Amino acid sequence: MKIATYNVNGVNGRLPVLLRWLAESAPDIVCLQELKAPQENFPEQAIRDAGYNAIWHGQKSWNGVAILAKGLEMTEMRRVLPGDPEDIHSRYIEAMVGGLLIGCLYLPNGNPAPGPKYDYKLRWMERLTVHAAELLASGKPVILTGDFNVIPTTLDAYKAERWVDDALFRPETREAFGKIMEQGWTDALRLLHPNETIYTFWDYFRDAYGRNAGLRIDHFLLSPMVLGRLVAAGVDHHVRGWEKSSDHGPVWVEIGEG
DNA sequence: ATGCCGTGGAAACCACGA
């Protein structure tokens, strides 16, 4: 079973690219971020015509997350990250699908740092830490995936020294991410490719993609019950080179039978 | 060193992204 995550940067503007990638890659489960569409403007029919059921949590202009599934029953568990009733950003959706609990997240960027946006990012990460621990305690096979907006190590950024003061790489950000990982999660791409340069995002300007000046910020966190079933993991790097591409590329894992 | 590009929405610019 192939599970993918893709920050589309506008699901309607990206629809031709998204459909082309779905047809080519044929993932069974897909987590999308940055829909940038209100709930009623999600392209449900086009997604359905491509063979996928979908649940989504939209928002006007910004954020927005969705889970797609091909030929699999999907049961939504929640569409809000618990812990702050005041938080109105659409950044989390969770479902049981294919026997797996899939948490699809769009973690706040946090720039400029320091400042209120960075405070919001760190608070969001604290809430994620609490919820991630509860998911592990549930004993279910869990995959937490999406755009984490976290550069975990110096290996995960082109010229990491330029990112030390950035919200994606500041020590507090990496410590908060590390605290989640210590609960018992495994970074699937890094486990299977321990020393490779792997990027999932390339800026639109300065030919960042052509120079492979990227970041690895979209991740797959596997619970121990899923880890033993991990077969392969990678980035559909070439999709970033397509006309009208997102600034992120799709990332995927292959999970064997449980 | 830097939103230099891209998207969406409101209003022919601005917010936001990483």
# chains A, B, ... in the order shown; residues from 1 in each chain; ligands from 1
$ select_by_dssp --residues "stretch 25-252 of chain A" --states "strand (DSSP E)" --output "VMD selection string"
chain A and resid 29 to 33 53 to 57 65 to 69 74 to 78 92 to 97 100 to 106 142 to 147 186 to 187 201 to 202 214 to 215 218 to 222 230 to 235 251 to 252
$ write_last_selection --atoms "C-alpha atoms" --output "PDB file, in the first residue's frame"
ATOM      1  CA  ILE A  29      -3.852   7.087   0.285  1.00  0.00           C
ATOM      2  CA  VAL A  30      -2.909  10.764  -0.202  1.00  0.00           C
ATOM      3  CA  CYS A  31      -2.582  13.577   2.324  1.00  0.00           C
ATOM      4  CA  LEU A  32      -2.830  17.074   0.855  1.00  0.00           C
ATOM      5  CA  GLN A  33      -1.908  20.387   2.456  1.00  0.00           C
ATOM      6  CA  ASN A  53     -12.836   9.289  -2.034  1.00  0.00           C
ATOM      7  CA  ALA A  54     -11.950  12.435  -0.125  1.00  0.00           C
ATOM      8  CA  ILE A  55     -12.436  14.135   3.196  1.00  0.00           C
ATOM      9  CA  TRP A  56     -11.173  17.670   3.596  1.00  0.00           C
ATOM     10  CA  HIS A  57     -11.149  20.674   5.871  1.00  0.00           C
ATOM     11  CA  VAL A  65      -5.925  19.756   4.453  1.00  0.00           C
ATOM     12  CA  ALA A  66      -7.429  16.649   2.839  1.00  0.00           C
ATOM     13  CA  ILE A  67      -7.123  12.868   2.802  1.00  0.00           C
ATOM     14  CA  LEU A  68      -7.832  10.928  -0.395  1.00  0.00           C
ATOM     15  CA  ALA A  69      -8.286   7.162  -0.611  1.00  0.00           C
ATOM     16  CA  MET A  74     -12.358   5.970   5.155  1.00  0.00           C
ATOM     17  CA  THR A  75     -13.625   6.906   8.613  1.00  0.00           C
ATOM     18  CA  GLU A  76     -12.888  10.453   9.722  1.00  0.00           C
ATOM     19  CA  MET A  77     -11.656  10.615  13.330  1.00  0.00           C
ATOM     20  CA  ARG A  78     -11.162  14.380  13.713  1.00  0.00           C
ATOM     21  CA  TYR A  92      -5.129  18.852  10.742  1.00  0.00           C
ATOM     22  CA  ILE A  93      -7.378  16.017   9.622  1.00  0.00           C
ATOM     23  CA  GLU A  94      -7.303  12.393  10.732  1.00  0.00           C
ATOM     24  CA  ALA A  95      -8.939   9.205   9.489  1.00  0.00           C
ATOM     25  CA  MET A  96      -8.889   5.421   9.782  1.00  0.00           C
ATOM     26  CA  VAL A  97      -8.248   4.058   6.305  1.00  0.00           C
ATOM     27  CA  LEU A 100      -4.146   2.565   9.436  1.00  0.00           C
ATOM     28  CA  LEU A 101      -4.733   5.716  11.436  1.00  0.00           C
ATOM     29  CA  ILE A 102      -3.594   8.551   9.172  1.00  0.00           C
ATOM     30  CA  GLY A 103      -2.918  11.990  10.646  1.00  0.00           C
ATOM     31  CA  CYS A 104      -2.508  14.642   7.925  1.00  0.00           C
ATOM     32  CA  LEU A 105      -0.979  17.894   9.142  1.00  0.00           C
ATOM     33  CA  TYR A 106       0.148  21.311   7.964  1.00  0.00           C
ATOM     34  CA  VAL A 142      -0.382   5.221  13.057  1.00  0.00           C
ATOM     35  CA  ILE A 143       1.175   7.372  10.330  1.00  0.00           C
ATOM     36  CA  LEU A 144       1.623  11.074  11.019  1.00  0.00           C
ATOM     37  CA  THR A 145       2.472  12.830   7.794  1.00  0.00           C
ATOM     38  CA  GLY A 146       2.395  16.171   6.036  1.00  0.00           C
ATOM     39  CA  ASP A 147       4.226  19.462   5.815  1.00  0.00           C
ATOM     40  CA  THR A 186      10.425   6.853  13.160  1.00  0.00           C
ATOM     41  CA  ASP A 187      11.272   9.234  10.304  1.00  0.00           C
ATOM     42  CA  PHE A 201      10.694  21.606  -1.171  1.00  0.00           C
ATOM     43  CA  TRP A 202      12.426  23.935  -3.608  1.00  0.00           C
ATOM     44  CA  GLY A 214      16.024  22.556  -1.307  1.00  0.00           C
ATOM     45  CA  LEU A 215      14.770  21.596   2.106  1.00  0.00           C
ATOM     46  CA  ASP A 218       7.606  17.033   4.518  1.00  0.00           C
ATOM     47  CA  HIS A 219       7.879  13.931   6.671  1.00  0.00           C
ATOM     48  CA  PHE A 220       6.477  10.489   7.412  1.00  0.00           C
ATOM     49  CA  LEU A 221       6.419   9.556  11.098  1.00  0.00           C
ATOM     50  CA  LEU A 222       5.629   5.891  11.665  1.00  0.00           C
ATOM     51  CA  LEU A 230       7.896  -0.285   5.921  1.00  0.00           C
ATOM     52  CA  VAL A 231       9.071  -1.442   2.483  1.00  0.00           C
ATOM     53  CA  ALA A 232      10.253   1.708   0.703  1.00  0.00           C
ATOM     54  CA  ALA A 233      10.125   5.505   0.857  1.00  0.00           C
ATOM     55  CA  GLY A 234      10.972   8.331  -1.526  1.00  0.00           C
ATOM     56  CA  VAL A 235      10.227  11.685  -3.121  1.00  0.00           C
ATOM     57  CA  VAL A 251       6.639  12.235  -0.757  1.00  0.00           C
ATOM     58  CA  TRP A 252       5.588   8.593  -0.282  1.00  0.00           C
TER      59      TRP A 252
END
$ interface_residues --of "chain B" --to "chain A" --cutoff "9 Å" --atoms "only C-alpha atoms (C1' of nucleotides)" --output "list in words"
DG3, DC4, DC5, DG6, DT7, DG8, DG9, DC16, DG17 and DA18 of chain B
$ atom_distance --atom1 "atom CA of A:His193" --atom2 "atom CA of A:Ile255"
16.0 Å
$ residues_around --residues "A:Asp84" --least-positions-apart "3" --cutoff "9 Å" --atoms "only C-alpha atoms (C1' of nucleotides)" --output "CSV table (one decimal) with C-alpha atoms, in the first residue's frame"
chain,number,residue,atom,x,y,z
A,81,LEU,CA,-5.8,19.3,16.4
A,87,ASP,CA,-7.4,28.0,16.8
A,88,ILE,CA,-9.4,28.4,13.6
A,124,TRP,CA,0.9,24.1,17.9
A,127,ARG,CA,-0.4,20.4,21.1
$ decode --residues "stretch 141-225 of chain A" --atoms "C-alpha atoms" --output "compact mmCIF listing (two decimals), in the first residue's frame"
# COMPACT_ATOMS: atom_id res chain seq x y z
CA PRO A 141 -0.83 1.48 13.60
CA VAL A 142 -0.38 5.22 13.06
CA ILE A 143 1.18 7.37 10.33
CA LEU A 144 1.62 11.07 11.02
CA THR A 145 2.47 12.83 7.79
CA GLY A 146 2.40 16.17 6.04
CA ASP A 147 4.23 19.46 5.82
CA PHE A 148 5.93 19.75 9.21
CA ASN A 149 7.78 22.98 8.32
CA VAL A 150 10.69 21.52 10.30
CA ILE A 151 14.22 20.95 8.97
CA PRO A 152 15.31 18.13 11.31
CA THR A 153 19.11 18.24 10.77
CA THR A 154 21.84 20.03 8.80
CA LEU A 155 21.62 17.23 6.23
CA ASP A 156 18.09 18.37 5.42
CA ALA A 157 18.84 21.84 4.03
CA TYR A 158 20.94 23.25 1.23
CA LYS A 159 23.44 25.46 3.11
CA ALA A 160 21.92 24.82 6.53
CA GLU A 161 24.01 27.61 8.07
CA ARG A 162 21.72 30.10 6.33
CA TRP A 163 18.71 28.70 8.18
CA VAL A 164 19.87 28.86 11.80
CA ASP A 165 17.67 31.85 12.66
CA ASP A 166 14.72 30.66 10.60
CA ALA A 167 11.54 29.32 12.19
CA LEU A 168 12.03 26.02 10.31
CA PHE A 169 15.44 25.33 11.80
CA ARG A 170 15.80 27.30 15.05
CA PRO A 171 16.98 25.21 18.02
CA GLU A 172 13.56 25.46 19.72
CA THR A 173 11.90 24.08 16.57
CA ARG A 174 14.30 21.15 16.29
CA GLU A 175 14.01 20.43 20.02
CA ALA A 176 10.21 20.40 19.80
CA PHE A 177 10.39 18.03 16.84
CA GLY A 178 12.93 15.88 18.70
CA LYS A 179 10.60 15.64 21.66
CA ILE A 180 7.91 14.14 19.44
CA MET A 181 10.38 11.71 17.83
CA GLU A 182 11.57 10.54 21.26
CA GLN A 183 8.09 9.24 21.99
CA GLY A 184 8.88 6.38 19.63
CA TRP A 185 8.18 7.66 16.12
CA THR A 186 10.42 6.85 13.16
CA ASP A 187 11.27 9.23 10.30
CA ALA A 188 10.68 6.77 7.43
CA LEU A 189 12.68 8.54 4.71
CA ARG A 190 15.72 9.08 6.91
CA LEU A 191 15.61 5.51 8.22
CA LEU A 192 15.80 4.04 4.72
CA HIS A 193 18.18 6.69 3.33
CA PRO A 194 20.42 7.62 6.27
CA ASN A 195 23.07 9.63 4.44
CA GLU A 196 21.35 10.86 1.29
CA THR A 197 20.55 14.44 0.45
CA ILE A 198 16.76 14.34 0.28
CA TYR A 199 14.68 17.44 -0.36
CA THR A 200 10.91 17.84 -0.55
CA PHE A 201 10.69 21.61 -1.17
CA TRP A 202 12.43 23.94 -3.61
CA ASP A 203 11.84 27.70 -3.76
CA TYR A 204 10.19 29.10 -6.88
CA PHE A 205 12.96 31.59 -7.50
CA ARG A 206 16.68 31.60 -8.17
CA ASP A 207 16.27 28.29 -10.01
CA ALA A 208 16.26 26.52 -6.65
CA TYR A 209 15.00 23.28 -8.22
CA GLY A 210 17.56 23.39 -11.04
CA ARG A 211 20.34 23.90 -8.47
CA ASN A 212 18.79 21.34 -6.08
CA ALA A 213 18.83 24.03 -3.39
CA GLY A 214 16.02 22.56 -1.31
CA LEU A 215 14.77 21.60 2.11
CA ARG A 216 13.43 18.37 3.60
CA ILE A 217 10.36 19.50 5.53
CA ASP A 218 7.61 17.03 4.52
CA HIS A 219 7.88 13.93 6.67
CA PHE A 220 6.48 10.49 7.41
CA LEU A 221 6.42 9.56 11.10
CA LEU A 222 5.63 5.89 11.66
CA SER A 223 4.46 4.34 14.90
CA PRO A 224 6.23 1.11 16.00
CA MET A 225 3.32 -1.00 14.76
